[in-house]
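Enquirer: Supplied in C-alpha cells, the structure appears directly below.
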Amino acid sequence: MGKGQIVAVLQVGGEFSTDADGHMSYSGGEAHAMLVKSDWTFSAFKHEISSTLNNIKVDQFVFKYFLPKNNKTLISISNDKDLHRMVEFHAESETTYIYVMKKVDNRALSVVADLATPVDATAVVPTTQDGSKRQKICATWKNVITGVGQVFDGPRDFRDALHKYAIAHRFHYRFIKNDSSRVTAECTGEDCPWRIHASKSPAKKQFMIKKISESHTCESETVKSHRLASQRWVASVIKEKLRDSPNYRPRDIANDLQREYGLCLNYSQAWRGRSIAQKELYSTHDEVTNQLPWFCGRIMETNPQSVATVVALEDSKFRLFVAFHASLHGFEHGCRPLLFLDVVSAKPNKQWKLLAATSVDSEGDVFPVAFAVVDDESSEHWHWFLEQIKSSLSTSRAITFISNGENGLWDELPLVFPDSHHGYCVDYLIEEFKTQLDDAWTEEARDAMVEHLKKAIYSCTVDEFNQFIELIKGESDKLAEWLLDIKPERWSDAFFKGSRHGQYSCHFSSTIVEWIPTRYELSVVQLVDTIRCKLMEMMYTRRESSNAWAEVLTPAANQKLQEEMSKAHTLNVIPAESNENGNVFKVCDDSVNVVNIDAWECTCRKWHVSGLPCMHAIAVIERIGHSAYDYCVKYFKTECYRLTYAMSINPIPDVILPPSILSDQSQSPATYPCPIRTRRRVGRPKEKPSDPRIAIKRAVRCSRCKGYGHNKATCKVPLST
C-alpha cells in the first residue's frame, strides 16, 4: 500500500465474543472496504464512512479498532490525533479492521466492557408504536375467515387468509388437499375436529369456503415457527422495518415476532428471513437502477429494431418486456396469427414470473414472440404486457389468443385487442374438467367422460357437438351444465370464431423450464440472457434443418395432407345442380357434403378449422385436375417456415459485467449478483467479508455465443452467426 494510506475494512452489524483468555473475535454483519489517508481530518474520515455505508448518520456511531497483534482491547477513534495514530500503527498491515458501533449510554457501555460484546450498528430497539401497530394487525387477522360462503380471488388468497387466521387464533394446521381447484385443511391438535374446505364455485369464477367447523377443542398455545413462520412470510413481515432500519438484527426479529405475533423463531430462522428480505429490497433495487436499463440498451444496440423496456415500480419492483426483432419478424411474416398467453414460474427464480406470448411455426413447434418479467401474475401486469405486444407488432392481422383465462385476461384482452378472438387452452380445460370428476367416478368412467369432452372440443359442426354434450349430460347434468357455463364458443371448433388451424395448446412452460438451469439462481439479466441464447440456438438449428426440405409443405403438414388424400380416393364427386360457375360439388360417402372450391369451404367445416383441405375438398380438387397444395393455408408451407427463421438473434458480448458496474466495483464489490446455490446446507449459512481473493463460482458460460451450460469447445453455434 502506498505511503500515508491504509486499506480499511468497515465491519458493521456483527457481534463480539470473548474466549477464556480474553481474546475477542467478531462474527456476522457486513463488510465494506475503503481507503484511509494519513492527512485526513476526523470529519473527512466520518464523511467517507457515511458515503461508503449508504449515508448513515455517523454522529450516532463510534469507531474502534484493534492494535496490531492485540485483539483484547478496542481502541477508540474520536478525533484527528486518534485517526493519525491508527494510520501510523497499521502502516505495515495489509488491512485494518474498523468496527462501526452504535452509541449507547454509560450503563450500556459498562455492560459492553464487562461482557466484551459491544452494541453494534444492528442494534434496533423495537418501538412501542410499531409493536402496537403489529398487534392491531394481528388482531384483525382473527376475522379474515368469516364462514361458509366467503369468497376469495383464488386458492392462493385463501391460503394466505388461512395462514393469518391460524396465527391469530394460535393453532397449527395441515393440508389434506391443496391444488388449484380445492383446498382442505384441518387442525393438527390432538382429537381436534376443526376442519375447513374451499373450492371453486360451479361457474369456475370464484374460490369459496364450502365447509368449516365451528370451533376448536384444542387449547391455544404459543405457535411454533416451523409450520407457520416460513422464511418468505418472515421476510414479508419485516421488509418495511428492514427498509427503515437496515441493521435489524436476527435476535431482535425473533423477539419482535414472539411479542407481536406469538411466534417462536430461533436465530437461524430469523437470519434466513432477513436474508430473503434484504435480497428482495437491495438486489432488486440494484438491478432496476443499474443493470436492467443498461441491459435493455444493449439488447437494442446489438439487435436493432428489437424492443426492450423496463419500468420501475414501488417497493423496488419492476416490469421488464423483451421482444427480439428476429422473433417479431418471424411471427409477422411466417407464423399464423395465433398467440398463446402463458405464465411461467421459472425455478429457482420463484420470486419472478415470466409472462409469455408464444406462437407456433408451420411444423407446430413453439415459437416465442415476446416475454416479460414481473413479480406476480395480475390483471395490471397482463394489461401492460398486452399493450407492449401491440406497440411492438406492425401487423394489421386479427390475432387469435389462447390462454387459461385467469387473472382477468377475459376482460383485459378485448380492451387492448378489440378485434381479436380469445379461446381456452384445451389442455387447461381438460385438466379443469378432470377436477370436476370426484372420487365416486371409476377410472373407466372418468376416461370415457374425458374422451367425450375431447370429441366435443374437436367437433366441427353444431350437430356433432350436441351429440357429445348429450352423452356427457346422460352421465351427469352437473358436468354438462358446467361445460356450457364456460361458453363453448371459447373452446369448441363448432362455435369458435378465431383461427387456430388445428393448434389448441402450446407447451412453452415446459420448454422454458428446460432452458433455465436449476442449480443456480440467476439474476434477471442472466435469466433473460439465458433465454436469448436458447432462442438464438433454436432459430439457427431450425433454419439449417429446413434447407433440406424439398416439398411445398413442411413435413408435419404434408403428412396430414397425405392422410386426407388416401381417404379421398373412394369418394364420389357430383357437380351440384344449378351450378353456373362450376365451383360447387356434392361429395358422397356415408353422408353428403357440399364443397365450394372457390370459397375454400366444405359443409364438414374441417377445411376451415384446420387450414388444410379435407378429404371431400381433395376429392373435388383431383376431379377438376388441380393440385391440393394450392388450396392449403400459406402458414403450412415451407416458404413460410423459412421466413419464420429468416432473421438471427445476435449475441450480447459484454453481458456478464456491464461497464457501469465495473466502474463501481471498487466501492461496492457485491452489487452485481452472482449465481448462488439454491439448495441450502444444514446449519446457519456462513457470511464472510467481501474479499477479492475469494474465488466466486459462476455458471459455465460459452465465450463464443455467451450461452450458459456449455463452453467454446462444445458450442453448437458456428462463428458465422
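By order of appearance in the C-alpha cells: chains A, B, ..., then residues from 1 within every chain, and ligands from 1 in the order shown.
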Apply DSSP to the backbone of this structure and, from range 160-327 of chain A, keep only the residues in helix (DSSP H, G or I); write these as a PyMOL selection string.
Expert: chain A and resi 160-169+225-228+231-244+250-261+267-302+325-327
Enquirer: Taking 6 positions as the minimum chain separation for residues in the same chain, which residues sit within 9 Å of range 471-475 of chain A when counting only C-alpha atoms? Answer as a list in words.
Expert: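 What passes the distance filter is Met449, His452, Leu453 and Glu481 of chain A.
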Enquirer: Between A:Lys586, A:Arg701, A:Lys164, A:His501, which residue has the minimum interatomic distance to Phe636 in chain A, considering only C-alpha atoms?
Expert: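 Closest residue, counting only C-alpha atoms: A:His501.
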Enquirer: Within 12 Å of range 502-518 of chain A, which residues of range 293-388 of chain A come that close, and what is the closest atom pair and distance in Å for each? Count only C-alpha atoms and give it as JSON lines.
Expert:
```
{"residue": "A:Arg336", "atom": "CA", "partner": "A:Gln503", "partner_atom": "CA", "distance": 10.2}
{"residue": "A:Pro337", "atom": "CA", "partner": "A:Gln503", "partner_atom": "CA", "distance": 11.5}
{"residue": "A:Leu338", "atom": "CA", "partner": "A:Gln503", "partner_atom": "CA", "distance": 8.9}
{"residue": "A:Leu339", "atom": "CA", "partner": "A:Cys506", "partner_atom": "CA", "distance": 9.3}
{"residue": "A:Phe340", "atom": "CA", "partner": "A:Cys506", "partner_atom": "CA", "distance": 6.6}
{"residue": "A:Leu341", "atom": "CA", "partner": "A:Cys506", "partner_atom": "CA", "distance": 9.0}
{"residue": "A:Asp342", "atom": "CA", "partner": "A:Ser509", "partner_atom": "CA", "distance": 7.5}
{"residue": "A:Val343", "atom": "CA", "partner": "A:Ser509", "partner_atom": "CA", "distance": 7.4}
{"residue": "A:Val344", "atom": "CA", "partner": "A:Ser509", "partner_atom": "CA", "distance": 5.6}
{"residue": "A:Ser345", "atom": "CA", "partner": "A:Ser509", "partner_atom": "CA", "distance": 8.4}
{"residue": "A:Ala346", "atom": "CA", "partner": "A:Val513", "partner_atom": "CA", "distance": 6.3}
{"residue": "A:Lys347", "atom": "CA", "partner": "A:Thr518", "partner_atom": "CA", "distance": 6.2}
{"residue": "A:Pro348", "atom": "CA", "partner": "A:Thr518", "partner_atom": "CA", "distance": 5.8}
{"residue": "A:Asn349", "atom": "CA", "partner": "A:Thr518", "partner_atom": "CA", "distance": 8.9}
{"residue": "A:Lys350", "atom": "CA", "partner": "A:Thr518", "partner_atom": "CA", "distance": 11.1}
{"residue": "A:Lys353", "atom": "CA", "partner": "A:Ser509", "partner_atom": "CA", "distance": 11.2}
{"residue": "A:Leu354", "atom": "CA", "partner": "A:Ser509", "partner_atom": "CA", "distance": 9.3}
{"residue": "A:Leu355", "atom": "CA", "partner": "A:Ser509", "partner_atom": "CA", "distance": 10.1}
{"residue": "A:Ala356", "atom": "CA", "partner": "A:Phe508", "partner_atom": "CA", "distance": 8.2}
{"residue": "A:Ala357", "atom": "CA", "partner": "A:Phe508", "partner_atom": "CA", "distance": 9.2}
{"residue": "A:Thr358", "atom": "CA", "partner": "A:Phe508", "partner_atom": "CA", "distance": 7.2}
{"residue": "A:Ser359", "atom": "CA", "partner": "A:Cys506", "partner_atom": "CA", "distance": 8.0}
{"residue": "A:Val360", "atom": "CA", "partner": "A:Cys506", "partner_atom": "CA", "distance": 7.8}
{"residue": "A:Asp361", "atom": "CA", "partner": "A:Gln503", "partner_atom": "CA", "distance": 10.4}
{"residue": "A:Ser362", "atom": "CA", "partner": "A:Gln503", "partner_atom": "CA", "distance": 10.6}
{"residue": "A:Glu363", "atom": "CA", "partner": "A:Gln503", "partner_atom": "CA", "distance": 10.5}
{"residue": "A:Gly364", "atom": "CA", "partner": "A:Gln503", "partner_atom": "CA", "distance": 7.3}
{"residue": "A:Asp365", "atom": "CA", "partner": "A:Cys506", "partner_atom": "CA", "distance": 8.4}
{"residue": "A:Val366", "atom": "CA", "partner": "A:Phe508", "partner_atom": "CA", "distance": 6.5}
{"residue": "A:Phe367", "atom": "CA", "partner": "A:Phe508", "partner_atom": "CA", "distance": 8.5}
{"residue": "A:Pro368", "atom": "CA", "partner": "A:Phe508", "partner_atom": "CA", "distance": 7.9}
{"residue": "A:Val369", "atom": "CA", "partner": "A:Phe508", "partner_atom": "CA", "distance": 11.1}
{"residue": "A:Ala370", "atom": "CA", "partner": "A:Phe508", "partner_atom": "CA", "distance": 11.9}
{"residue": "A:Phe371", "atom": "CA", "partner": "A:Ile512", "partner_atom": "CA", "distance": 11.1}
```
Enquirer: Could the residues in this selection be saved with N, CA, C and O atoms as a tab-separated table (two decimals), in the first residue's frame?
Expert:
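Dumped everything to again-v9.tsv:
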```tsv
chain	number	residue	atom	x	y	z
A	336	ARG	N	-48.76	-18.21	-38.30
A	336	ARG	CA	-50.19	-17.92	-38.35
A	336	ARG	C	-50.52	-16.87	-37.27
A	336	ARG	O	-49.79	-16.78	-36.27
A	337	PRO	N	-51.56	-16.07	-37.42
A	337	PRO	CA	-51.89	-15.02	-36.44
A	337	PRO	C	-52.49	-15.61	-35.16
A	337	PRO	O	-53.66	-15.44	-34.86
A	338	LEU	N	-51.68	-16.32	-34.43
A	338	LEU	CA	-52.11	-17.05	-33.24
A	338	LEU	C	-51.07	-16.87	-32.15
A	338	LEU	O	-49.89	-17.12	-32.36
A	339	LEU	N	-51.51	-16.41	-30.98
A	339	LEU	CA	-50.61	-16.21	-29.85
A	339	LEU	C	-51.16	-16.92	-28.61
A	339	LEU	O	-52.34	-16.75	-28.26
A	340	PHE	N	-50.31	-17.69	-27.97
A	340	PHE	CA	-50.65	-18.35	-26.71
A	340	PHE	C	-50.09	-17.50	-25.56
A	340	PHE	O	-48.91	-17.17	-25.56
A	341	LEU	N	-50.94	-17.16	-24.62
A	341	LEU	CA	-50.53	-16.38	-23.45
A	341	LEU	C	-50.37	-17.34	-22.28
A	341	LEU	O	-51.28	-18.09	-21.94
A	342	ASP	N	-49.20	-17.28	-21.66
A	342	ASP	CA	-48.92	-18.23	-20.58
A	342	ASP	C	-48.04	-17.54	-19.56
A	342	ASP	O	-47.37	-16.54	-19.84
A	343	VAL	N	-48.06	-18.07	-18.35
A	343	VAL	CA	-47.19	-17.57	-17.28
A	343	VAL	C	-46.33	-18.72	-16.80
A	343	VAL	O	-46.80	-19.85	-16.66
A	344	VAL	N	-45.06	-18.44	-16.57
A	344	VAL	CA	-44.10	-19.46	-16.16
A	344	VAL	C	-43.44	-19.00	-14.87
A	344	VAL	O	-42.91	-17.89	-14.79
A	345	SER	N	-43.48	-19.85	-13.86
A	345	SER	CA	-42.73	-19.60	-12.63
A	345	SER	C	-41.42	-20.35	-12.76
A	345	SER	O	-41.34	-21.55	-12.55
A	346	ALA	N	-40.39	-19.60	-13.15
A	346	ALA	CA	-39.12	-20.23	-13.51
A	346	ALA	C	-38.31	-20.57	-12.26
A	346	ALA	O	-37.89	-19.69	-11.53
A	347	LYS	N	-38.12	-21.85	-12.01
A	347	LYS	CA	-37.26	-22.27	-10.90
A	347	LYS	C	-35.81	-22.08	-11.31
A	347	LYS	O	-35.44	-22.30	-12.46
A	348	PRO	N	-34.93	-21.69	-10.39
A	348	PRO	CA	-35.22	-21.44	-8.98
A	348	PRO	C	-35.61	-20.00	-8.69
A	348	PRO	O	-35.69	-19.59	-7.54
A	349	ASN	N	-35.83	-19.16	-9.73
A	349	ASN	CA	-36.19	-17.75	-9.53
A	349	ASN	C	-37.68	-17.65	-9.24
A	349	ASN	O	-38.46	-17.11	-10.02
A	350	LYS	N	-38.11	-18.17	-8.09
A	350	LYS	CA	-39.53	-18.26	-7.80
A	350	LYS	C	-40.18	-16.91	-7.57
A	350	LYS	O	-41.39	-16.79	-7.65
A	353	LYS	N	-42.11	-13.98	-12.25
A	353	LYS	CA	-42.98	-14.68	-13.19
A	353	LYS	C	-42.64	-14.22	-14.60
A	353	LYS	O	-42.38	-13.04	-14.84
A	354	LEU	N	-42.66	-15.16	-15.52
A	354	LEU	CA	-42.47	-14.85	-16.94
A	354	LEU	C	-43.83	-14.87	-17.62
A	354	LEU	O	-44.48	-15.91	-17.67
A	355	LEU	N	-44.26	-13.71	-18.11
A	355	LEU	CA	-45.44	-13.65	-18.96
A	355	LEU	C	-44.97	-13.84	-20.39
A	355	LEU	O	-44.10	-13.10	-20.86
A	356	ALA	N	-45.53	-14.80	-21.09
A	356	ALA	CA	-45.02	-15.14	-22.41
A	356	ALA	C	-46.12	-15.09	-23.46
A	356	ALA	O	-47.26	-15.50	-23.20
A	357	ALA	N	-45.78	-14.57	-24.63
A	357	ALA	CA	-46.64	-14.62	-25.81
A	357	ALA	C	-45.93	-15.49	-26.84
A	357	ALA	O	-44.86	-15.13	-27.32
A	358	THR	N	-46.51	-16.64	-27.13
A	358	THR	CA	-45.85	-17.64	-27.96
A	358	THR	C	-46.74	-18.04	-29.12
A	358	THR	O	-47.94	-18.25	-28.95
A	359	SER	N	-46.15	-18.15	-30.29
A	359	SER	CA	-46.87	-18.65	-31.46
A	359	SER	C	-46.34	-20.04	-31.79
A	359	SER	O	-45.56	-20.63	-31.02
A	360	VAL	N	-46.76	-20.57	-32.94
A	360	VAL	CA	-46.26	-21.86	-33.41
A	360	VAL	C	-45.87	-21.70	-34.88
A	360	VAL	O	-46.47	-20.93	-35.62
A	361	ASP	N	-44.84	-22.44	-35.30
A	361	ASP	CA	-44.40	-22.34	-36.69
A	361	ASP	C	-45.19	-23.33	-37.56
A	361	ASP	O	-46.16	-23.95	-37.09
A	362	SER	N	-44.79	-23.47	-38.80
A	362	SER	CA	-45.52	-24.33	-39.74
A	362	SER	C	-45.49	-25.80	-39.34
A	362	SER	O	-46.33	-26.58	-39.78
A	363	GLU	N	-44.53	-26.18	-38.51
A	363	GLU	CA	-44.44	-27.56	-38.03
A	363	GLU	C	-45.21	-27.77	-36.73
A	363	GLU	O	-45.27	-28.88	-36.21
A	364	GLY	N	-45.77	-26.69	-36.18
A	364	GLY	CA	-46.48	-26.80	-34.91
A	364	GLY	C	-45.57	-26.72	-33.71
A	364	GLY	O	-45.99	-27.03	-32.59
A	365	ASP	N	-44.31	-26.30	-33.92
A	365	ASP	CA	-43.36	-26.18	-32.80
A	365	ASP	C	-43.47	-24.80	-32.16
A	365	ASP	O	-43.86	-23.82	-32.81
A	366	VAL	N	-43.06	-24.71	-30.91
A	366	VAL	CA	-43.12	-23.47	-30.15
A	366	VAL	C	-42.25	-22.40	-30.79
A	366	VAL	O	-41.09	-22.65	-31.15
A	367	PHE	N	-42.80	-21.18	-30.91
A	367	PHE	CA	-42.04	-20.05	-31.43
A	367	PHE	C	-42.29	-18.84	-30.52
A	367	PHE	O	-43.29	-18.14	-30.66
A	368	PRO	N	-41.41	-18.59	-29.54
A	368	PRO	CA	-41.59	-17.46	-28.62
A	368	PRO	C	-41.53	-16.13	-29.37
A	368	PRO	O	-40.63	-15.90	-30.18
A	369	VAL	N	-42.46	-15.25	-29.08
A	369	VAL	CA	-42.53	-13.94	-29.73
A	369	VAL	C	-42.09	-12.83	-28.78
A	369	VAL	O	-41.28	-11.97	-29.13
A	370	ALA	N	-42.60	-12.84	-27.56
A	370	ALA	CA	-42.25	-11.80	-26.58
A	370	ALA	C	-42.46	-12.36	-25.19
A	370	ALA	O	-43.23	-13.31	-24.99
A	371	PHE	N	-41.78	-11.78	-24.22
A	371	PHE	CA	-41.97	-12.19	-22.83
A	371	PHE	C	-41.68	-11.01	-21.91
A	371	PHE	O	-41.04	-10.03	-22.30
```
Enquirer: Which residues come within 12 Å of Thr309 in chain A, counting only C-alpha atoms, excluding same-chain residues fewer than 6 positions away, as JSON, numbers by chain?
Expert: {"A": [288, 292, 293, 294, 295, 296, 297, 298, 299, 300, 318, 319, 320, 321, 322, 323, 324, 370, 371, 372, 373, 384, 385, 388, 389, 391, 392]}
Enquirer: Store the residues picked out above, limited to C-alpha atoms, as a compact mmCIF listing (two decimals), in the first residue's frame.
Expert:
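After the write, selection-v5.txt holds the following:
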```txt
# COMPACT_ATOMS: atom_id res chain seq x y z
CA VAL A 288 -33.76 -1.80 -11.52
CA LEU A 292 -31.70 -3.62 -16.37
CA PRO A 293 -31.67 -0.20 -18.09
CA TRP A 294 -28.13 -0.94 -19.31
CA PHE A 295 -29.16 -4.41 -20.48
CA CYS A 296 -32.21 -3.10 -22.36
CA GLY A 297 -29.96 -0.64 -24.15
CA ARG A 298 -27.51 -3.39 -25.08
CA ILE A 299 -30.33 -5.57 -26.46
CA MET A 300 -31.46 -2.79 -28.79
CA PHE A 318 -40.33 -3.57 -11.88
CA ARG A 319 -41.71 -4.77 -15.20
CA LEU A 320 -39.37 -5.89 -17.96
CA PHE A 321 -40.55 -6.50 -21.53
CA VAL A 322 -38.37 -8.07 -24.23
CA ALA A 323 -39.18 -8.87 -27.87
CA PHE A 324 -36.30 -9.55 -30.24
CA ALA A 370 -42.25 -11.80 -26.58
CA PHE A 371 -41.97 -12.19 -22.83
CA ALA A 372 -41.99 -10.07 -19.70
CA VAL A 373 -40.56 -10.46 -16.20
CA TRP A 384 -49.34 -3.77 -19.58
CA PHE A 385 -47.86 -6.82 -21.30
CA GLN A 388 -46.35 -3.74 -25.14
CA ILE A 389 -47.11 -6.55 -27.61
CA SER A 391 -47.00 -1.49 -29.81
CA SER A 392 -44.23 -3.91 -30.88
```
Enquirer: Show which residues sit within 7 Å of range 704-716 of chain A, as a list of chain:residue names. Count only C-alpha atoms, and ignore same-chain residues fewer than 4 positions away.
Expert: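 Result of the neighbour search: A:Thr530, A:Cys533, A:Pro651, A:Pro653, A:Ala699, A:Val700.
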Enquirer: Write the residues of the selection above to a file with N, CA, C and O atoms, as a PDB file, in the first residue's frame.
Expert:
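Here's the written file selection-v3.pdb:
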```pdb
ATOM      1  N   THR A 530     -30.071 -15.922 -20.775  1.00  0.00           N
ATOM      2  CA  THR A 530     -30.127 -17.369 -20.996  1.00  0.00           C
ATOM      3  C   THR A 530     -31.212 -17.703 -22.018  1.00  0.00           C
ATOM      4  O   THR A 530     -31.004 -18.522 -22.919  1.00  0.00           O
ATOM      5  N   CYS A 533     -29.980 -16.741 -25.473  1.00  0.00           N
ATOM      6  CA  CYS A 533     -29.035 -17.716 -26.030  1.00  0.00           C
ATOM      7  C   CYS A 533     -29.771 -18.940 -26.582  1.00  0.00           C
ATOM      8  O   CYS A 533     -29.430 -19.451 -27.656  1.00  0.00           O
ATOM      9  N   PRO A 651     -25.570 -12.132 -30.516  1.00  0.00           N
ATOM     10  CA  PRO A 651     -25.047 -12.203 -29.143  1.00  0.00           C
ATOM     11  C   PRO A 651     -24.901 -10.817 -28.530  1.00  0.00           C
ATOM     12  O   PRO A 651     -24.856  -9.803 -29.232  1.00  0.00           O
ATOM     13  N   PRO A 653     -22.101  -9.396 -26.369  1.00  0.00           N
ATOM     14  CA  PRO A 653     -20.772  -9.857 -25.922  1.00  0.00           C
ATOM     15  C   PRO A 653     -20.447  -9.551 -24.469  1.00  0.00           C
ATOM     16  O   PRO A 653     -19.855 -10.364 -23.786  1.00  0.00           O
ATOM     17  N   ALA A 699     -21.697 -19.959 -13.122  1.00  0.00           N
ATOM     18  CA  ALA A 699     -22.192 -20.962 -14.062  1.00  0.00           C
ATOM     19  C   ALA A 699     -21.288 -20.975 -15.290  1.00  0.00           C
ATOM     20  O   ALA A 699     -20.756 -19.957 -15.699  1.00  0.00           O
ATOM     21  N   VAL A 700     -21.096 -22.170 -15.868  1.00  0.00           N
ATOM     22  CA  VAL A 700     -20.270 -22.285 -17.071  1.00  0.00           C
ATOM     23  C   VAL A 700     -20.902 -21.472 -18.188  1.00  0.00           C
ATOM     24  O   VAL A 700     -22.105 -21.574 -18.441  1.00  0.00           O
TER      25      VAL A 700
END
```
Enquirer: To test your reading of the structure, identify every residue in range 296-352 of chain A that backbone DSSP assigns to strand (DSSP E), and report it as a VMD selection string.
Expert: chain A and resid 307 to 312 318 to 323 338 to 344
Enquirer: Save the residues we just selected, all heavy atoms, as a short mmCIF file (atom, residue, chain, number, x, y, z; two decimals), in the first residue's frame?
Expert:
```
data_model
loop_
_atom_site.label_atom_id
_atom_site.label_comp_id
_atom_site.auth_asym_id
_atom_site.auth_seq_id
_atom_site.Cartn_x
_atom_site.Cartn_y
_atom_site.Cartn_z
N VAL A 307 -37.32 -4.70 -29.15
CA VAL A 307 -37.99 -3.89 -28.13
C VAL A 307 -37.60 -4.42 -26.76
O VAL A 307 -37.76 -5.61 -26.48
CB VAL A 307 -39.52 -3.93 -28.28
CG1 VAL A 307 -40.19 -3.07 -27.21
CG2 VAL A 307 -39.93 -3.47 -29.67
N ALA A 308 -37.06 -3.55 -25.92
CA ALA A 308 -36.68 -3.92 -24.54
C ALA A 308 -37.00 -2.74 -23.64
O ALA A 308 -36.44 -1.66 -23.81
CB ALA A 308 -35.21 -4.30 -24.46
N THR A 309 -37.91 -2.93 -22.71
CA THR A 309 -38.40 -1.85 -21.86
C THR A 309 -38.43 -2.30 -20.42
O THR A 309 -38.90 -3.41 -20.13
CB THR A 309 -39.82 -1.42 -22.29
OG1 THR A 309 -39.82 -1.07 -23.67
CG2 THR A 309 -40.29 -0.24 -21.47
N VAL A 310 -37.96 -1.46 -19.52
CA VAL A 310 -38.06 -1.73 -18.09
C VAL A 310 -38.76 -0.55 -17.43
O VAL A 310 -38.47 0.62 -17.73
CB VAL A 310 -36.68 -1.98 -17.45
CG1 VAL A 310 -35.76 -0.79 -17.59
CG2 VAL A 310 -36.84 -2.38 -15.98
N VAL A 311 -39.71 -0.85 -16.56
CA VAL A 311 -40.48 0.17 -15.85
C VAL A 311 -40.31 -0.08 -14.36
O VAL A 311 -40.65 -1.17 -13.87
CB VAL A 311 -41.97 0.13 -16.24
CG1 VAL A 311 -42.75 1.17 -15.44
CG2 VAL A 311 -42.14 0.36 -17.73
N ALA A 312 -39.78 0.91 -13.65
CA ALA A 312 -39.60 0.78 -12.20
C ALA A 312 -40.91 1.05 -11.49
O ALA A 312 -41.64 2.00 -11.82
CB ALA A 312 -38.53 1.76 -11.73
N PHE A 318 -40.46 -4.08 -10.53
CA PHE A 318 -40.33 -3.57 -11.88
C PHE A 318 -41.07 -4.48 -12.86
O PHE A 318 -41.51 -5.58 -12.52
CB PHE A 318 -38.86 -3.47 -12.29
CG PHE A 318 -38.15 -4.80 -12.32
CD1 PHE A 318 -38.15 -5.59 -13.46
CD2 PHE A 318 -37.50 -5.26 -11.19
CE1 PHE A 318 -37.51 -6.81 -13.47
CE2 PHE A 318 -36.86 -6.49 -11.19
CZ PHE A 318 -36.87 -7.26 -12.34
N ARG A 319 -41.21 -3.98 -14.08
CA ARG A 319 -41.71 -4.77 -15.20
C ARG A 319 -40.68 -4.70 -16.32
O ARG A 319 -40.20 -3.61 -16.64
CB ARG A 319 -43.04 -4.22 -15.72
CG ARG A 319 -44.21 -4.24 -14.74
CD ARG A 319 -45.34 -3.41 -15.30
NE ARG A 319 -46.52 -3.44 -14.46
CZ ARG A 319 -47.48 -2.51 -14.50
NH1 ARG A 319 -47.37 -1.49 -15.35
NH2 ARG A 319 -48.53 -2.60 -13.72
N LEU A 320 -40.34 -5.84 -16.87
CA LEU A 320 -39.37 -5.89 -17.96
C LEU A 320 -40.01 -6.59 -19.14
O LEU A 320 -40.51 -7.71 -19.01
CB LEU A 320 -38.11 -6.63 -17.52
CG LEU A 320 -37.07 -6.93 -18.62
CD1 LEU A 320 -36.45 -5.62 -19.14
CD2 LEU A 320 -35.98 -7.85 -18.11
N PHE A 321 -39.99 -5.94 -20.31
CA PHE A 321 -40.55 -6.50 -21.53
C PHE A 321 -39.45 -6.65 -22.57
O PHE A 321 -38.66 -5.72 -22.77
CB PHE A 321 -41.66 -5.61 -22.08
CG PHE A 321 -42.21 -6.07 -23.41
CD1 PHE A 321 -43.23 -7.01 -23.46
CD2 PHE A 321 -41.71 -5.56 -24.61
CE1 PHE A 321 -43.74 -7.44 -24.68
CE2 PHE A 321 -42.21 -5.98 -25.83
CZ PHE A 321 -43.24 -6.92 -25.86
N VAL A 322 -39.39 -7.81 -23.21
CA VAL A 322 -38.37 -8.07 -24.23
C VAL A 322 -39.02 -8.76 -25.43
O VAL A 322 -39.74 -9.76 -25.26
CB VAL A 322 -37.23 -8.95 -23.69
CG1 VAL A 322 -36.22 -9.26 -24.80
CG2 VAL A 322 -36.53 -8.27 -22.52
N ALA A 323 -38.76 -8.23 -26.62
CA ALA A 323 -39.18 -8.87 -27.87
C ALA A 323 -38.08 -8.63 -28.89
O ALA A 323 -37.86 -7.49 -29.30
CB ALA A 323 -40.51 -8.31 -28.35
N LEU A 338 -51.68 -16.32 -34.43
CA LEU A 338 -52.11 -17.05 -33.24
C LEU A 338 -51.07 -16.87 -32.15
O LEU A 338 -49.89 -17.12 -32.36
CB LEU A 338 -52.26 -18.53 -33.60
CG LEU A 338 -52.62 -19.50 -32.47
CD1 LEU A 338 -54.02 -19.22 -31.94
CD2 LEU A 338 -52.53 -20.95 -32.96
N LEU A 339 -51.51 -16.41 -30.98
CA LEU A 339 -50.61 -16.21 -29.85
C LEU A 339 -51.16 -16.92 -28.61
O LEU A 339 -52.34 -16.75 -28.26
CB LEU A 339 -50.43 -14.72 -29.54
CG LEU A 339 -49.51 -13.92 -30.46
CD1 LEU A 339 -49.49 -12.45 -30.04
CD2 LEU A 339 -48.09 -14.48 -30.46
N PHE A 340 -50.31 -17.69 -27.97
CA PHE A 340 -50.65 -18.35 -26.71
C PHE A 340 -50.09 -17.50 -25.56
O PHE A 340 -48.91 -17.17 -25.56
CB PHE A 340 -50.06 -19.76 -26.65
CG PHE A 340 -50.67 -20.70 -27.65
CD1 PHE A 340 -50.17 -20.79 -28.94
CD2 PHE A 340 -51.76 -21.49 -27.30
CE1 PHE A 340 -50.73 -21.65 -29.86
CE2 PHE A 340 -52.32 -22.37 -28.22
CZ PHE A 340 -51.81 -22.44 -29.50
N LEU A 341 -50.94 -17.16 -24.62
CA LEU A 341 -50.53 -16.38 -23.45
C LEU A 341 -50.37 -17.34 -22.28
O LEU A 341 -51.28 -18.09 -21.94
CB LEU A 341 -51.56 -15.30 -23.12
CG LEU A 341 -51.85 -14.30 -24.24
CD1 LEU A 341 -52.92 -13.31 -23.81
CD2 LEU A 341 -50.58 -13.56 -24.65
N ASP A 342 -49.20 -17.28 -21.66
CA ASP A 342 -48.92 -18.23 -20.58
C ASP A 342 -48.04 -17.54 -19.56
O ASP A 342 -47.37 -16.54 -19.84
CB ASP A 342 -48.20 -19.46 -21.14
CG ASP A 342 -48.25 -20.64 -20.19
OD1 ASP A 342 -48.91 -20.52 -19.14
OD2 ASP A 342 -47.62 -21.67 -20.49
N VAL A 343 -48.06 -18.07 -18.35
CA VAL A 343 -47.19 -17.57 -17.28
C VAL A 343 -46.33 -18.72 -16.80
O VAL A 343 -46.80 -19.85 -16.66
CB VAL A 343 -48.01 -16.96 -16.12
CG1 VAL A 343 -48.93 -18.00 -15.50
CG2 VAL A 343 -47.09 -16.36 -15.06
N VAL A 344 -45.06 -18.44 -16.57
CA VAL A 344 -44.10 -19.46 -16.16
C VAL A 344 -43.44 -19.00 -14.87
O VAL A 344 -42.91 -17.89 -14.79
CB VAL A 344 -43.03 -19.70 -17.24
CG1 VAL A 344 -42.09 -20.82 -16.82
CG2 VAL A 344 -43.66 -20.02 -18.58
#
```
Enquirer: Which residue, A:Ala646, A:Ile621, A:Trp607, A:Ala599, has the smallest gap to Glu332 in chain A when you use only C-alpha atoms?
Expert: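 The closest residue to Glu332 in chain A is A:Ala646.
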